[in-house]
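Some notes on the structure that comes next.
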Amino acid sequence: MFGAYIDILLSFVTAFVITFLAIPKIIFFAQKFRLYDSAGVRSSHIGKVPIFGGIAIFAGIIFSLLFWAEIEQIQFIIISMFVVFFIGVLDDLLSLSPTRKLFGQIIAILIIIYLHDLQIDNMHGVLGIYELSEIIATLFTVFVVIVITNGFNLIDGVDGLAGSLGIVASLSFGLLAFFSDQISMALLAFTLMGTLLGFLIYNNSPAKIFMGDTGSLVVGLILSILSINSINSGIVNDAIHLPNKGPLVAIAILAVLLFDSFRVFVVRIIRGRNPLSPDMNHIHHGLLDLGFGHQKTTLIICIMNIFLIVVAYFLLNMNVNFAIAIFAAINLTLLYIPFLMKKKKKND
């Protein structure tokens, strides 16, 4: 068992080092071939910033897993990562249509479901639902992965924000898996954390590089896998036995990206707009409009997410539906505060 813990540490360090060393080369390559993300109407940055940070993220993860993981335990996860990686690269280069991106994501998800045998087949009493039929389990798992992956993409609107939230999430999932003796999931989570730390050094405001869709799709997929594992496993170890609280834990760890996306979609529908149409109504836009800047905005949102994880901890012993309802109310209230402050500031 001690050897497994060493492998987790070495995978974390390897992912960090590879990503940290690879990004300067990618920045040079992107500048040479003018592979930029230029500022637009909805952009929160100024000037031309190289994309393809996701290539370094992917390299850090893949090489670390190949070096230190038990490959037979995660081989199909690696295959699914390759699928979304190539979809992301093509999208960053050619701007794929949403339909083609979605098709690639679904292929990756089906690999996880049918070859890795990982899906949400039990709701543990959420909305009174327990075991799911095979077809419902497959459809719901596909839906959950798409929501998490694209929610992570949508939150990537401020320097350092997506990477920082990814670190909070991967650390949380990693600790949960570690103390539940789920070594392969813990290693995957801490590998993701290592590569995101290496990336964040260059993505912190002012960003020298963005992760692009290549990075957001890969990171989103891994967070989805860790979420599904958490939903299925709950919190079970020598000290705690809460197998039915997995849904609450997964929601709490990904609180900001899930509920911010939900809030934005609802607002768009209320205003008679396409819920997938772009706008400036995400939480980071509200904080930027209040004058906080990229670093403070990222810090505030990360503190908010950590606070919500702590809130969820104190709700663990409640009925799962009651706990999720209270958690959702607190979360949505916090997300609304910047826009309430913005409205008050405008009226003043």
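In the structure tokens, chains take the letters A, B, ... in the order shown, each chain's residues start at 1, and ligands count up from 1 in the order shown.
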With the cut-off set at 9 Å and counting only C-alpha atoms, tabulate each residue of region 199-223 of chain A with an atom at most that distance from an atom of region 56-59 of chain A, showing the nearest atom pair and its distance in Å to one decimal, ordered by chain and increasing number, as JSON lines.
```
{"residue": "A:Phe199", "atom": "CA", "partner": "A:Ile57", "partner_atom": "CA", "distance": 6.9}
{"residue": "A:Met211", "atom": "CA", "partner": "A:Ile57", "partner_atom": "CA", "distance": 7.8}
{"residue": "A:Thr214", "atom": "CA", "partner": "A:Phe58", "partner_atom": "CA", "distance": 8.3}
{"residue": "A:Gly215", "atom": "CA", "partner": "A:Ile57", "partner_atom": "CA", "distance": 6.4}
{"residue": "A:Val218", "atom": "CA", "partner": "A:Phe58", "partner_atom": "CA", "distance": 7.1}
{"residue": "A:Val219", "atom": "CA", "partner": "A:Ile57", "partner_atom": "CA", "distance": 8.4}
```
Spatial neighbours of Arg34 (chain A), max dist 8 Å, only C-alpha atoms, sep filter under 3 positions, as JSON, numbers by chain: {"A": [30, 31, 50]}
Selection from above, N, CA and C atoms, as a JSON list (two decimals), in the first residue's frame, can you write it?
```
[["chain", "number", "residue", "atom", "x", "y", "z"],
["A", 30, "ALA", "N", 3.24, 28.49, -30.75],
["A", 30, "ALA", "CA", 1.99, 29.21, -31.04],
["A", 30, "ALA", "C", 2.27, 30.62, -31.56],
["A", 31, "GLN", "N", 3.27, 31.28, -30.98],
["A", 31, "GLN", "CA", 3.62, 32.63, -31.45],
["A", 31, "GLN", "C", 4.20, 32.59, -32.86],
["A", 50, "PRO", "N", -1.55, 33.11, -26.78],
["A", 50, "PRO", "CA", -1.46, 31.78, -27.41],
["A", 50, "PRO", "C", -2.43, 30.78, -26.78]]
```
DSSP strand (DSSP E or B) residues within region 181-316 of chain A, listed as a VMD selection string: chain A and resid 235 to 236 241 to 242
Shell of 9 Å around Leu197 (chain A), only C-alpha atoms, local chain residues under 6 positions omitted, as an MDAnalysis selection string: chainID A and resid 15:16 19:20 163:164 167
May I have the residues from that selection written out with N, CA and C atoms, as a PDB file, in the first residue's frame?
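Produced file again_24.pdb, reproduced below:
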```pdb
ATOM      1  N   ALA A  15       3.596  14.983 -13.488  1.00  0.00           N
ATOM      2  CA  ALA A  15       2.626  15.776 -14.253  1.00  0.00           C
ATOM      3  C   ALA A  15       2.966  17.261 -14.173  1.00  0.00           C
ATOM      4  N   PHE A  16       3.335  17.710 -12.986  1.00  0.00           N
ATOM      5  CA  PHE A  16       3.691  19.120 -12.801  1.00  0.00           C
ATOM      6  C   PHE A  16       4.915  19.488 -13.630  1.00  0.00           C
ATOM      7  N   THR A  19       4.319  19.396 -17.570  1.00  0.00           N
ATOM      8  CA  THR A  19       3.497  20.534 -18.006  1.00  0.00           C
ATOM      9  C   THR A  19       4.272  21.839 -17.903  1.00  0.00           C
ATOM     10  N   PHE A  20       4.956  22.022 -16.796  1.00  0.00           N
ATOM     11  CA  PHE A  20       5.715  23.255 -16.572  1.00  0.00           C
ATOM     12  C   PHE A  20       6.801  23.441 -17.637  1.00  0.00           C
ATOM     13  N   GLY A 163      -8.315  26.701 -14.208  1.00  0.00           N
ATOM     14  CA  GLY A 163      -7.242  25.915 -13.610  1.00  0.00           C
ATOM     15  C   GLY A 163      -7.356  25.837 -12.096  1.00  0.00           C
ATOM     16  N   SER A 164      -7.696  26.968 -11.471  1.00  0.00           N
ATOM     17  CA  SER A 164      -7.809  27.001 -10.010  1.00  0.00           C
ATOM     18  C   SER A 164      -8.981  26.159  -9.520  1.00  0.00           C
ATOM     19  N   ILE A 167      -8.090  22.606  -9.768  1.00  0.00           N
ATOM     20  CA  ILE A 167      -7.211  22.174  -8.673  1.00  0.00           C
ATOM     21  C   ILE A 167      -8.029  21.891  -7.415  1.00  0.00           C
TER      22      ILE A 167
END
```
Using only C-alpha atoms, determine which residues lie at most 9 Å from Val249 (chain A), disregarding the query and same-chain residues fewer than 2 positions distant; provide the list as an mmCIF file with N, CA and C atoms, in the first residue's frame.
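Result file follows (around.cif):
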```
data_model
loop_
_atom_site.group_PDB
_atom_site.id
_atom_site.type_symbol
_atom_site.label_atom_id
_atom_site.label_comp_id
_atom_site.auth_asym_id
_atom_site.auth_seq_id
_atom_site.Cartn_x
_atom_site.Cartn_y
_atom_site.Cartn_z
ATOM 1 N N SER A 227 -16.273 12.442 -10.739
ATOM 2 C CA SER A 227 -17.600 12.710 -10.172
ATOM 3 C C SER A 227 -18.453 11.453 -10.160
ATOM 4 N N SER A 230 -17.370 9.170 -7.544
ATOM 5 C CA SER A 230 -17.797 9.661 -6.231
ATOM 6 C C SER A 230 -19.282 9.386 -5.993
ATOM 7 N N ILE A 231 -20.099 9.601 -7.023
ATOM 8 C CA ILE A 231 -21.536 9.343 -6.904
ATOM 9 C C ILE A 231 -21.787 7.873 -6.588
ATOM 10 N N GLY A 234 -19.832 7.125 -2.817
ATOM 11 C CA GLY A 234 -20.150 7.852 -1.604
ATOM 12 C C GLY A 234 -18.908 8.069 -0.766
ATOM 13 N N ILE A 235 -19.077 8.121 0.549
ATOM 14 C CA ILE A 235 -17.951 8.267 1.481
ATOM 15 C C ILE A 235 -17.920 7.027 2.356
ATOM 16 N N LYS A 245 -24.348 9.313 -0.020
ATOM 17 C CA LYS A 245 -24.151 10.766 -0.096
ATOM 18 C C LYS A 245 -23.227 11.173 -1.234
ATOM 19 N N GLY A 246 -22.941 10.232 -2.135
ATOM 20 C CA GLY A 246 -22.104 10.543 -3.291
ATOM 21 C C GLY A 246 -22.629 11.680 -4.149
ATOM 22 N N PRO A 247 -23.940 11.708 -4.473
ATOM 23 C CA PRO A 247 -24.456 12.825 -5.288
ATOM 24 C C PRO A 247 -24.216 14.189 -4.654
ATOM 25 N N ILE A 251 -21.789 17.123 -6.300
ATOM 26 C CA ILE A 251 -22.371 18.437 -6.571
ATOM 27 C C ILE A 251 -21.606 19.525 -5.834
ATOM 28 N N ALA A 252 -21.218 19.244 -4.590
ATOM 29 C CA ALA A 252 -20.511 20.244 -3.783
ATOM 30 C C ALA A 252 -19.136 20.562 -4.351
ATOM 31 N N ILE A 253 -18.417 19.530 -4.768
ATOM 32 C CA ILE A 253 -17.059 19.734 -5.277
ATOM 33 C C ILE A 253 -17.070 20.545 -6.574
ATOM 34 N N LEU A 254 -18.100 20.354 -7.393
ATOM 35 C CA LEU A 254 -18.218 21.080 -8.669
ATOM 36 C C LEU A 254 -19.282 22.173 -8.578
ATOM 37 N N ILE A 309 -18.066 23.493 -0.281
ATOM 38 C CA ILE A 309 -17.675 22.124 0.071
ATOM 39 C C ILE A 309 -17.785 21.924 1.583
ATOM 40 N N ALA A 312 -21.398 21.583 2.530
ATOM 41 C CA ALA A 312 -21.889 20.243 2.218
ATOM 42 C C ALA A 312 -21.490 19.245 3.297
ATOM 43 N N TYR A 313 -20.300 19.429 3.857
ATOM 44 C CA TYR A 313 -19.840 18.525 4.915
ATOM 45 C C TYR A 313 -20.802 18.531 6.097
ATOM 46 N N LEU A 316 -24.089 16.431 5.526
ATOM 47 C CA LEU A 316 -23.978 15.010 5.193
ATOM 48 C C LEU A 316 -24.955 14.122 5.958
#
```
Neighbour list for region 337-344 of chain A as number ranges by chain, cut-off 8 Å, only C-alpha atoms, skip fewer than 5 positions in-chain: A: 283, 286-287, 289-290
Print the selection's residues with N, CA and C atoms to a file, as a PDB file, in the first residue's frame.
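out.pdb, written as the output of this step:
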```pdb
ATOM      1  N   ILE A 283     -20.755  34.216 -13.399  1.00  0.00           N
ATOM      2  CA  ILE A 283     -20.318  34.789 -12.131  1.00  0.00           C
ATOM      3  C   ILE A 283     -19.039  35.611 -12.291  1.00  0.00           C
ATOM      4  N   GLY A 286     -19.791  39.052 -13.646  1.00  0.00           N
ATOM      5  CA  GLY A 286     -20.339  39.944 -12.630  1.00  0.00           C
ATOM      6  C   GLY A 286     -19.260  40.514 -11.728  1.00  0.00           C
ATOM      7  N   LEU A 287     -18.313  39.682 -11.315  1.00  0.00           N
ATOM      8  CA  LEU A 287     -17.240  40.154 -10.442  1.00  0.00           C
ATOM      9  C   LEU A 287     -16.293  41.099 -11.175  1.00  0.00           C
ATOM     10  N   ASP A 289     -17.148  43.086 -13.597  1.00  0.00           N
ATOM     11  CA  ASP A 289     -17.885  44.355 -13.746  1.00  0.00           C
ATOM     12  C   ASP A 289     -17.862  45.178 -12.459  1.00  0.00           C
ATOM     13  N   LEU A 290     -17.681  44.500 -11.333  1.00  0.00           N
ATOM     14  CA  LEU A 290     -17.582  45.209 -10.059  1.00  0.00           C
ATOM     15  C   LEU A 290     -16.174  45.738  -9.810  1.00  0.00           C
TER      16      LEU A 290
END
```
Atom pair CA of Leu221 (chain A) / CA of Asp156 (chain A): separation (Å):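 According to the coordinates, CA of Leu221 (chain A) and CA of Asp156 (chain A) are separated by 14.8 Å.
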Contacts of Gly293 (chain A) within 12 Å, only C-alpha atoms, excl. fewer than 5 positions in-chain, as a count of residues only: 17
For region 175-177 of chain A: contacts at 10 Å, only C-alpha atoms, fewer than 6 positions along chain excluded, given as a ChimeraX atom specification: /A:169,183-190,226,229-230,233-237,249
Which residue of A:Leu102, A:Asn232, A:Asp238, A:Gln73 approaches Phe143 (chain A) most closely, using only C-alpha atoms: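 That would be A:Leu102, the residue with the smallest distance to Phe143 (chain A).
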Interatomic distance, CA of Met318 (chain A) to CA of Ile120 (chain A) (Å, one decimal):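 According to the coordinates, CA of Met318 (chain A) and CA of Ile120 (chain A) are separated by 21.9 Å.
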Minimum-distance residue to Ile330 (chain A), chosen among A:Val311, A:Ile269, A:Met123, A:Ile71 (using only C-alpha atoms): A:Val311
